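Participant: Could you have a look at this structure, given as structure tokens, before my questions?
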Amino acid sequence: MGILDKVIANSVPYMPKPFVQRISRRYAAGNEASDAVRVARDLSRQGCLTTVGVLGEFAPTEQYTRERLGDYKQVVDAMEDLRDPDLDYHVTVKLTDLGLTLDEDLCRKNLEEILLYAKARGRCLEVDMEETPYVTATLDMALKMHERHGDTGAVVQAYLRRTLGDLGRLVEAGIPVRLVKGVYVEPMELAYQDYDVVRQNYVLLLEELLRGGVNTRIATHDEYLVWHALRLIHQLGLDKDRYEFQMIMGVQERLRKILVEAGHPVRVTVLFGKDSYEYSLRRLKENPKIAGYVTRDVL
């Protein structure tokens, strides 16, 4: 992680709002479902797959979660209304946004509702990962939904010390897994702090997943990790239905294009919602590397 990236991330709160808004437009599609559909369709024309999600975390009330389910159904309906056979998309959710901190049964019911709504339209759902207090519940729910209905994916974070142990359950269940580095600030007791150690653990976990036979979603903007992924894919002789690369919209677009042109499946996360500015502000502050990527791209 470069010094410039840290400087940019620490400067985000003091940047002019129009500049941060311009950054947020690269980081999030916009406020409405129609914005996500527009971006997803454009990415499809570029040869990319997509994952669509609604911005938000930590639902304050049960009514809020009902409104959030409506947002998800709205974007799924809008995507389906295109009737575009080439538009391949998944849906991603955060469990705290569906009520995990309010009531686990409420969250589980909401998760199952949106999963079945997407599944009925031939779409898969991915349960995103959050801070360490919610890791166990998140993995448990993702595995339970996969066991009941299929078409469910889980996310694990390479910087957490526990993740290698978690992979055993996931591989045994055969659930698709998205591997990320992790962006939340966690204590040393729970997460590796050294940048190179996180990278090396990512490679270790990636090899475990690829050798374990599960569909592996390689989520990174780090060319070092992309190279290791390509090395493992080549050494293991994997078919393209066994893996895909994943990136965030607006980040490392040149690397994304290189992977697409080389024939690798690449899926881009497209987020939308009313708090796109606030969400982008938080994420840029939390992840200096992303802040550096996006700001240099804008400039």
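Identifiers for the structure tokens are assigned positionally: chains receive A, B, ... in sequence, residues are indexed from 1 per chain, and ligands are indexed from 1 in the order shown.
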Compile the contact shell of A:Leu69 as a compact mmCIF listing (two decimals) with N, CA, C and O atoms, in the first residue's frame: residues with an atom at most 8 Å away, counting only C-alpha atoms, same-chain residues fewer than 3 positions apart removed.
Facilitator:
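The resulting around-v9.txt:
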```
# COMPACT_ATOMS: atom_id res chain seq x y z
N THR A 65 -36.34 -2.92 6.63
CA THR A 65 -35.95 -4.14 5.90
C THR A 65 -37.00 -4.50 4.85
O THR A 65 -36.66 -5.03 3.79
N ARG A 66 -38.27 -4.22 5.13
CA ARG A 66 -39.30 -4.48 4.13
C ARG A 66 -39.11 -3.57 2.93
O ARG A 66 -39.26 -3.99 1.77
N TYR A 72 -34.69 -4.50 -3.72
CA TYR A 72 -34.08 -5.64 -4.42
C TYR A 72 -35.01 -6.20 -5.49
O TYR A 72 -34.58 -6.50 -6.61
N LYS A 73 -36.27 -6.34 -5.16
CA LYS A 73 -37.22 -6.86 -6.15
C LYS A 73 -37.34 -5.90 -7.33
O LYS A 73 -37.47 -6.33 -8.48
N LEU A 98 -30.49 -6.49 6.11
CA LEU A 98 -31.75 -7.24 6.13
C LEU A 98 -32.25 -7.52 7.55
O LEU A 98 -33.19 -8.28 7.74
N ASN A 110 -36.06 -12.62 5.63
CA ASN A 110 -35.84 -11.66 4.54
C ASN A 110 -34.86 -12.21 3.51
O ASN A 110 -35.06 -12.06 2.30
N ILE A 114 -35.72 -12.89 -0.62
CA ILE A 114 -35.06 -12.33 -1.80
C ILE A 114 -34.31 -13.41 -2.58
O ILE A 114 -34.22 -13.36 -3.81
```
Participant: If you run DSSP on this backbone, which residues of stretch 67-283 of chain A come out as alpha helix (DSSP H), and could you give them as JSON, numbers by chain?
Facilitator: {"A": [67, 68, 69, 70, 71, 72, 73, 74, 75, 76, 77, 78, 79, 80, 81, 104, 105, 106, 107, 108, 109, 110, 111, 112, 113, 114, 115, 116, 117, 118, 119, 135, 136, 137, 138, 139, 140, 141, 142, 143, 144, 145, 146, 147, 148, 149, 163, 164, 165, 166, 167, 168, 169, 170, 171, 172, 173, 195, 196, 197, 198, 199, 200, 201, 202, 203, 204, 205, 206, 207, 208, 209, 210, 211, 212, 223, 224, 225, 226, 227, 228, 229, 230, 231, 232, 233, 234, 235, 236, 253, 254, 255, 256, 257, 258, 259, 260, 261, 276, 277, 278, 279, 280, 281, 282, 283]}
Participant: Extract the full set of strand (DSSP E) residues from stretch 19-110 of chain A according to DSSP on the backbone, and format it as a PyMOL selection string.
Facilitator: chain A and resi 49-54+89-93
Participant: When you count only C-alpha atoms, which of these residues is closest to A:Glu113: A:Ala262, A:Leu125, A:Val171, A:Ala158?
Facilitator: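 Of all the options, A:Leu125 lies closest to A:Glu113.
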Participant: Enter the distance from atom CA of A:Val260 to atom CA of A:Gly273, in Å, rounded to one decimal.
Facilitator: 27.6 Å
Participant: Which neighbours of A:Glu186 fall inside 10 Å, counting only C-alpha atoms, when residues of the same chain fewer than 3 positions from it are skipped, and could you give them as a VMD selection string?
Facilitator: chain A and resid 131 to 132 159 to 160 182 to 183 189 to 193
Participant: Could you please take those selected residues and save N, CA, C and O atoms as a PDB file, in the first residue's frame?
Facilitator:
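Saved as result-v4.pdb:
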```pdb
ATOM      1  N   GLU A 131     -18.190  -7.078   9.239  1.00  0.00           N
ATOM      2  CA  GLU A 131     -17.196  -7.112  10.309  1.00  0.00           C
ATOM      3  C   GLU A 131     -17.255  -8.412  11.108  1.00  0.00           C
ATOM      4  O   GLU A 131     -18.234  -9.144  11.051  1.00  0.00           O
ATOM      5  N   THR A 132     -16.206  -8.654  11.890  1.00  0.00           N
ATOM      6  CA  THR A 132     -16.059  -9.933  12.588  1.00  0.00           C
ATOM      7  C   THR A 132     -17.221 -10.304  13.514  1.00  0.00           C
ATOM      8  O   THR A 132     -17.503 -11.503  13.665  1.00  0.00           O
ATOM      9  N   TYR A 159      -7.843 -11.478   5.153  1.00  0.00           N
ATOM     10  CA  TYR A 159      -7.064 -10.915   6.253  1.00  0.00           C
ATOM     11  C   TYR A 159      -7.488 -11.439   7.618  1.00  0.00           C
ATOM     12  O   TYR A 159      -6.812 -11.196   8.611  1.00  0.00           O
ATOM     13  N   LEU A 160      -8.577 -12.189   7.688  1.00  0.00           N
ATOM     14  CA  LEU A 160      -8.999 -12.748   8.970  1.00  0.00           C
ATOM     15  C   LEU A 160      -8.249 -14.040   9.280  1.00  0.00           C
ATOM     16  O   LEU A 160      -8.122 -14.917   8.432  1.00  0.00           O
ATOM     17  N   GLY A 182     -10.497  -8.066   2.305  1.00  0.00           N
ATOM     18  CA  GLY A 182     -11.137  -7.538   3.508  1.00  0.00           C
ATOM     19  C   GLY A 182     -10.777  -6.079   3.704  1.00  0.00           C
ATOM     20  O   GLY A 182      -9.629  -5.686   3.496  1.00  0.00           O
ATOM     21  N   VAL A 183     -11.785  -5.265   4.092  1.00  0.00           N
ATOM     22  CA  VAL A 183     -11.548  -3.821   4.187  1.00  0.00           C
ATOM     23  C   VAL A 183     -11.834  -3.245   5.567  1.00  0.00           C
ATOM     24  O   VAL A 183     -11.451  -2.116   5.851  1.00  0.00           O
ATOM     25  N   GLU A 189      -5.545  -9.363  16.924  1.00  0.00           N
ATOM     26  CA  GLU A 189      -5.919 -10.692  17.409  1.00  0.00           C
ATOM     27  C   GLU A 189      -6.814 -11.420  16.410  1.00  0.00           C
ATOM     28  O   GLU A 189      -6.850 -12.652  16.387  1.00  0.00           O
ATOM     29  N   LEU A 190      -7.528 -10.669  15.589  1.00  0.00           N
ATOM     30  CA  LEU A 190      -8.489 -11.259  14.662  1.00  0.00           C
ATOM     31  C   LEU A 190      -8.039 -11.224  13.209  1.00  0.00           C
ATOM     32  O   LEU A 190      -8.486 -12.057  12.409  1.00  0.00           O
ATOM     33  N   ALA A 191      -7.190 -10.266  12.878  1.00  0.00           N
ATOM     34  CA  ALA A 191      -6.844 -10.074  11.466  1.00  0.00           C
ATOM     35  C   ALA A 191      -5.358  -9.808  11.294  1.00  0.00           C
ATOM     36  O   ALA A 191      -4.721  -9.151  12.128  1.00  0.00           O
ATOM     37  N   TYR A 192      -4.802 -10.336  10.213  1.00  0.00           N
ATOM     38  CA  TYR A 192      -3.424 -10.029   9.856  1.00  0.00           C
ATOM     39  C   TYR A 192      -3.319  -8.547   9.507  1.00  0.00           C
ATOM     40  O   TYR A 192      -4.177  -7.996   8.808  1.00  0.00           O
ATOM     41  N   GLN A 193      -2.256  -7.931   9.973  1.00  0.00           N
ATOM     42  CA  GLN A 193      -2.085  -6.498   9.750  1.00  0.00           C
ATOM     43  C   GLN A 193      -1.080  -6.188   8.647  1.00  0.00           C
ATOM     44  O   GLN A 193      -1.123  -5.108   8.049  1.00  0.00           O
TER      45      GLN A 193
END
```
Participant: Can you tell me, as an MDAnalysis selection string, what residues are no more than 10 Å from stretch 264-267 of chain A when counting only C-alpha atoms, ignoring any on the same chain fewer than 2 positions away?
Facilitator: chainID A and resid 43:44 47:51 88:90 217:219 230 240:249 256:262 269:270
Participant: I'd like the interatomic distance between atom CA of A:Tyr117 and atom CA of A:Val76, to a tenth of an Å.
Facilitator: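 Value for the atom CA of A:Tyr117-atom CA of A:Val76 distance: 8.5 Å.
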Participant: Of the candidates A:Gln235, A:Gln200, A:Thr138, A:Thr220, which shows the shortest atom-to-atom distance to A:Cys107, using only C-alpha atoms?
Facilitator: A:Thr138
Participant: Rounded to one decimal in Å, what is the spacing between atom CA of A:Arg26 and atom CA of A:His228?
Facilitator: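 Computing the Euclidean distance for atom CA of A:Arg26 and atom CA of A:His228 yields 27.1 Å.
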